[in-house]
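Asks: Provided herewith is a single structure, encoded as structure tokens, for subsequent inquiry.
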Amino acid sequence: MGQKLCESDYRFMCVIWDNEPLSSRALVEQCAARLGWKKSTTYTTLKKLCDKGYAANEDTIVRALIPREEVQAQESERFVERAFAGSLPGFLAAFLGGKTISEQEAAELKRLIDAHREG
Amino acid sequence: MEAVFLKVLNMSLTAGYVILAVLLVRLLLRRAPKKYSYALWSVVAFRLCCPVSFQAVFSLLSLLRLDRAAAEPAMTYIPTDIGMMATPRVTVGIPAVDAALSASLPAAEPMTSANPMQIWIFVGAVLWCAGMAAMLLYALVSYACLHHRLRTAVWMEGNVWRSDRVCSPFILGVFRPRIYIPFGLSDETRGYVLAHEQFHLRRLDHIVRLLAFLLLTVHWFNPLCHLAFSRMTRDMEMRCDEQVLSGGEDRSKPYSLSLLAFASNRRLPSPGPLAFGESGVKARIRNILCWKQPKRWVTVLAAVLCVAALAVCAANPFVEPEPPLKEGDPTVNFPFADLEPGESIWLDGAVILTEELSDVAFQISYEQSGLTVDIGLVAEDGTTYGTSVTGGSANQAIERLPAGAYAVFLRNSEVNLQYAETVTEPLTVTGAIALTWPGMDELTAERGVAHAAQEFLAETEPV
């Protein structure tokens with residue numbers, strides 16, 4: 001774990017997250033339908049992600065070992081680090097741009113900030 | 001294999017001239033819609049794969065100085081029997097080059113089992129096949145690698161797939177072609193890119209490019225073909241670019257920016273010859289930014305120029321048909337018998353021309369069709385005008401004869417000696433030759449009168 005998921009791996013993990021736990025046969029069917037993948041491609045990628053510790057394949061039952069939220073958190077952290085030199089306010093300012101947010105969204109953000117405030 | 005090789009060489013030479021002409025016309029069509037430049041390449045393809053063509057006076061190849069025999073029905077700069085010729089000769093149509101090339105060719109060596117020329121042609125043919133195999137192998141390997149790299153591409157919609165292992169959009173496949181684009185394109189860019197690629201597919205460009213590559217494989221030794229392939233590809237792209245641009249309000253700026261994005265993103269190797277994606281980005285962007293809806297008169301002019309260029313390049317030079325032999329044409333008949341190999345004879349009588357003649361037709365027939373016979377006219381100053389005949393009979397002409405008296409000689413070619421084991425018929429030749437000047441009444445063909453010329457020449461043994 002720790003290596004970045006590439007786009008196609010991420011799409012593959014999405015299939016697992018949406019359906020887990022699922023049999024590997026069901027995974028092959030899902031990947032064929034949603035990604036247009038061949039059986040062999042699905043198995044190769046599954047093996048790779050099991051080795052990396054993202055998913056597990058026990059008795060042909062596939063499940064994710066890392067929740068979607070964690071991967072999303074990693075991705076966004078990496079993105080903020082690269083594009084905004086790690087500055088969260090910088091990221092928020094750019095994200096909001098000229099937009100306004102509703103009372104409700106503001107309250108939710110405030111709650112989040114309070115919950116993560118140090119000390 | 002050697003025969004096919006020589007055919008390909010001849011086609012490649014014609015195509016070389018045509019490619020130069022097309023490059024020239026493309027310069028004139030620079031400001032015109034690119035579909036006209038693109039259409040010009042069809043005649044190059046025609047020349048690269050079809051050895052024969054129709055004849056017309058307006059042919060581009062009329063500019064070349066070629067023998068009568070070189071132009072029909074297929075352009076033949078290098079005779080297909082060059083391996084058997086006593087003195088091999090090529091005519092590419094530029095006199096100085098012809099002389100230099102022909103001089104560099106090795107002459108036949110009567111006592112060896114194979115002519116040096118035959119050996120050279122064999123070596124050439126083997127190299128040619130090896131080159132084709134290398135080109136095909138390269139294409140197949142790069143196709144396989146690309147195919148492997150794209151197995152994790154994710155289906156998006158219809159025939160469009162996305163992959164994070166490609167850096168720019170391209171099409172792969174022949175029967176069920178797929179469009180591959182990178183992840184993370186903005187909606188606007190993706191719209192342009194897909195419009196461009198779908199237009200390629202509608203015009204079957206992926207198949208055209210594959211066929212063009214196969215032609216390039218066959219003509220791999222011709223650098224002009226490589227140039228033509230890259231220019232053709234660029235014209236193909238620019239034609240699609242213009243199609244996208246003409247689809248709506250001013251799109252030139254955002255469209256060229258989206259092209260630029262791919263050009264600056266060169267982490268991954270570009271797709272091989274069997275896939276095709278963006279090429280010549282700099283020239284394309286310049287073309288896009290200069291593009292405006294073409295004016296009517298520009299389009300008409302470009303179309304006319306294009307059609308004219310296609311016709312000029314497709315035609316073979318017009319060859320006047322042999323003047324038919326008529327009753328009353330001055331004709332001299334010379335029978336001959338039992339000529340040994342290497343032996344030459346002076347024919348009884350002479351030819352006297354009172355003015356320069358472009359053609360003296362001759363008809364020769366002899367019984368031993370496997371053998372070669374040299375015939376020649378020798379002027380009083382010793383200049384020889386001659387040619388070789390194989391196959392037992394011929395109806396040919398000797399060209400550009402100045403006025404004067406000529407003695408006629410005939411020789412059982414020395415080349416025949418080397419086939420002594422393979423030819424079953426006797427090596428001596430027996431037959432007759434007739435020389436004719438169609439329609440020229442004032443010319444005289446006098447038997448006996450020219451014995452003076454013959455005596456004069458008797459000292460100089462014909463070459």
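Ordering of the structure tokens sets the chain letters (A, B, ...), residue numbers begin anew at 1 in every chain, and ligands are numbered from 1 in the order given.
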Output as a list in words the set of chain B residues within 7 Å of chain A, with distances taken over only C-alpha atoms.
Replies: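 So the residues of chain B near chain A are Arg151, Thr152, Ala153, Val154, Trp155, Ser163 and Asp164 of chain B.
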Asks: Hey, what's within 12 Å of A:Arg78 if we count only C-alpha atoms and toss same-chain stuff fewer than 4 positions away? As a list of chain:residue names, please?
Replies: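 So the residues in contact are A:Gly2, A:Gln3, A:Lys4, A:Leu5, A:Val71, A:Gln72, A:Ala73, A:Gln74, A:Arg82, A:Ala83, A:Phe84, A:Ala85, A:Gly86, A:Ser87, A:Leu88, A:Phe91.
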Asks: Save out the residues we just selected, C-alpha atoms, as an mmCIF file, in the first residue's frame.
Replies:
data_model
loop_
_atom_site.group_PDB
_atom_site.id
_atom_site.type_symbol
_atom_site.label_atom_id
_atom_site.label_comp_id
_atom_site.auth_asym_id
_atom_site.auth_seq_id
_atom_site.Cartn_x
_atom_site.Cartn_y
_atom_site.Cartn_z
ATOM 1 C CA GLY A 2 1.056 3.577 -0.337
ATOM 2 C CA GLN A 3 1.609 3.428 -4.076
ATOM 3 C CA LYS A 4 -0.768 5.569 -6.046
ATOM 4 C CA LEU A 5 -3.691 3.865 -7.720
ATOM 5 C CA VAL A 71 -8.256 6.150 -0.958
ATOM 6 C CA GLN A 72 -10.175 9.357 -1.629
ATOM 7 C CA ALA A 73 -8.485 11.011 1.352
ATOM 8 C CA GLN A 74 -5.060 9.937 0.093
ATOM 9 C CA ARG A 82 1.023 19.024 -5.407
ATOM 10 C CA ALA A 83 -1.207 21.850 -6.592
ATOM 11 C CA PHE A 84 -1.340 24.065 -3.478
ATOM 12 C CA ALA A 85 1.932 23.230 -1.731
ATOM 13 C CA GLY A 86 -0.097 21.600 1.034
ATOM 14 C CA SER A 87 -2.077 24.755 1.810
ATOM 15 C CA LEU A 88 -5.652 23.819 2.710
ATOM 16 C CA PHE A 91 -7.136 24.847 -1.992
#
Asks: Considering only C-alpha atoms, can you say which of A:Val80, A:Met13, A:Ile101, A:Val28 comes closest to A:Gly53?
Replies: A:Met13
Asks: Any chance you could list, as a VMD selection string, the residues in stretch 42-267 of chain B that come up alpha helix (DSSP H) when DSSP is run on the backbone?
Replies: chain B and resid 42 to 49 95 to 104 116 to 149 187 to 202 205 to 218 223 to 245 252 to 263
Asks: Separation of atom CA of B:Asn159 and atom CA of B:Ile179, in Å?
Replies: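 The value is 6.1 Å.
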Asks: Write out as a list in words the residues lying within 9 Å of B:Thr80, counting only C-alpha atoms and excluding same-chain residues fewer than 5 positions away.
Replies: Glu2, Ala3, Leu6 and Lys7 of chain B
Asks: Only N, CA, C and O atoms, please: the residues just picked out, written as a compact mmCIF listing (two decimals), in the first residue's frame.
Replies:
# COMPACT_ATOMS: atom_id res chain seq x y z
N GLU B 2 12.77 -12.66 -58.60
CA GLU B 2 13.52 -11.59 -59.24
C GLU B 2 12.64 -10.78 -60.17
O GLU B 2 12.77 -9.56 -60.26
N ALA B 3 11.73 -11.48 -60.89
CA ALA B 3 10.86 -10.78 -61.84
C ALA B 3 9.96 -9.80 -61.08
O ALA B 3 9.79 -8.65 -61.50
N LEU B 6 11.98 -6.78 -59.99
CA LEU B 6 12.23 -5.80 -61.05
C LEU B 6 10.98 -4.99 -61.33
O LEU B 6 11.03 -3.79 -61.58
N LYS B 7 9.81 -5.65 -61.27
CA LYS B 7 8.54 -4.93 -61.48
C LYS B 7 8.37 -3.86 -60.42
O LYS B 7 7.99 -2.72 -60.71
Asks: Can you pull out every residue within 10 Å of stretch 181-186 of chain B, counting only C-alpha atoms, but drop anything in the same chain fewer than 5 positions away, and send it as a PDB file with C-alpha atoms, in the first residue's frame?
Replies:
ATOM      1  CA  GLU A   7      -7.002   5.513 -13.117  1.00  0.00           C
ATOM      2  CA  SER A   8      -7.874   2.065 -14.378  1.00  0.00           C
TER       3      SER A   8
ATOM      4  CA  ALA B 153      -8.282   0.600 -20.883  1.00  0.00           C
ATOM      5  CA  VAL B 154     -11.742   1.346 -19.540  1.00  0.00           C
ATOM      6  CA  MET B 156     -16.448   4.845 -21.880  1.00  0.00           C
ATOM      7  CA  VAL B 160     -14.466   5.074 -27.124  1.00  0.00           C
ATOM      8  CA  TRP B 161     -12.099   3.761 -24.459  1.00  0.00           C
ATOM      9  CA  ARG B 162     -10.050   5.596 -21.901  1.00  0.00           C
ATOM     10  CA  SER B 163      -6.639   4.585 -20.661  1.00  0.00           C
ATOM     11  CA  ASP B 164      -4.049   6.162 -18.389  1.00  0.00           C
ATOM     12  CA  ARG B 165      -1.348   4.473 -20.418  1.00  0.00           C
ATOM     13  CA  VAL B 166      -1.768   6.586 -23.542  1.00  0.00           C
ATOM     14  CA  CYS B 167      -0.677  10.182 -23.903  1.00  0.00           C
ATOM     15  CA  SER B 168      -2.690  11.231 -26.917  1.00  0.00           C
ATOM     16  CA  PRO B 169      -5.825  10.038 -28.677  1.00  0.00           C
ATOM     17  CA  PHE B 170      -5.553   7.451 -31.398  1.00  0.00           C
ATOM     18  CA  ILE B 171      -7.401   4.708 -33.260  1.00  0.00           C
ATOM     19  CA  GLY B 191     -15.730  16.872 -27.792  1.00  0.00           C
ATOM     20  CA  VAL B 193     -11.022  15.005 -30.057  1.00  0.00           C
ATOM     21  CA  LEU B 194     -13.931  12.643 -30.572  1.00  0.00           C
ATOM     22  CA  GLU B 197     -11.435  10.713 -34.517  1.00  0.00           C
ATOM     23  CA  SER B 258      -6.244  20.949 -26.983  1.00  0.00           C
ATOM     24  CA  ALA B 261      -1.843  19.677 -24.677  1.00  0.00           C
ATOM     25  CA  PHE B 262      -1.158  16.278 -26.249  1.00  0.00           C
ATOM     26  CA  GLY B 277      -2.796   9.314 -33.624  1.00  0.00           C
TER      27      GLY B 277
END
Asks: Identify, on the basis of only C-alpha atoms, every residue whose closest approach to A:Ala56 does not exceed 10 Å; exclude the query and any residue fewer than 6 positions from it along the same chain; express the result as a ChimeraX atom specification.
Replies: /A:46-47,49-50,62-66
Asks: Go ahead and save the picked residues with C-alpha atoms, as a tab-separated table (two decimals), in the first residue's frame.
Replies:
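Output (again38.tsv):
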chain	number	residue	atom	x	y	z
A	46	LEU	CA	-7.11	-8.38	-9.07
A	47	LYS	CA	-3.89	-10.24	-8.35
A	49	LEU	CA	-4.19	-5.16	-6.17
A	50	CYS	CA	-4.26	-8.09	-3.73
A	62	VAL	CA	-13.44	-10.76	-3.22
A	63	ARG	CA	-13.56	-7.90	-0.76
A	64	ALA	CA	-11.79	-4.57	-0.41
A	65	LEU	CA	-9.26	-4.19	2.39
A	66	ILE	CA	-9.08	-0.42	2.16
Asks: Name the residues in contact with B:Ser104 at a cut-off of 12 Å, using only C-alpha atoms, excluding same-chain residues fewer than 2 positions from it; report them as a list in words.
Replies: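 Non-adjacent residues within range: Thr87, Pro88, Arg89, Val90, Val97, Asp98, Ala99, Ala100, Leu101, Ser102, Pro106, Ala107, Pro116 and Met117 of chain B.
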Asks: Which one of B:Leu371, B:Ala212, B:Ile288, B:Cys313 sits closest to B:Arg231 if you count only C-alpha atoms?
Replies: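 The answer is B:Ala212, which sits nearest to B:Arg231.
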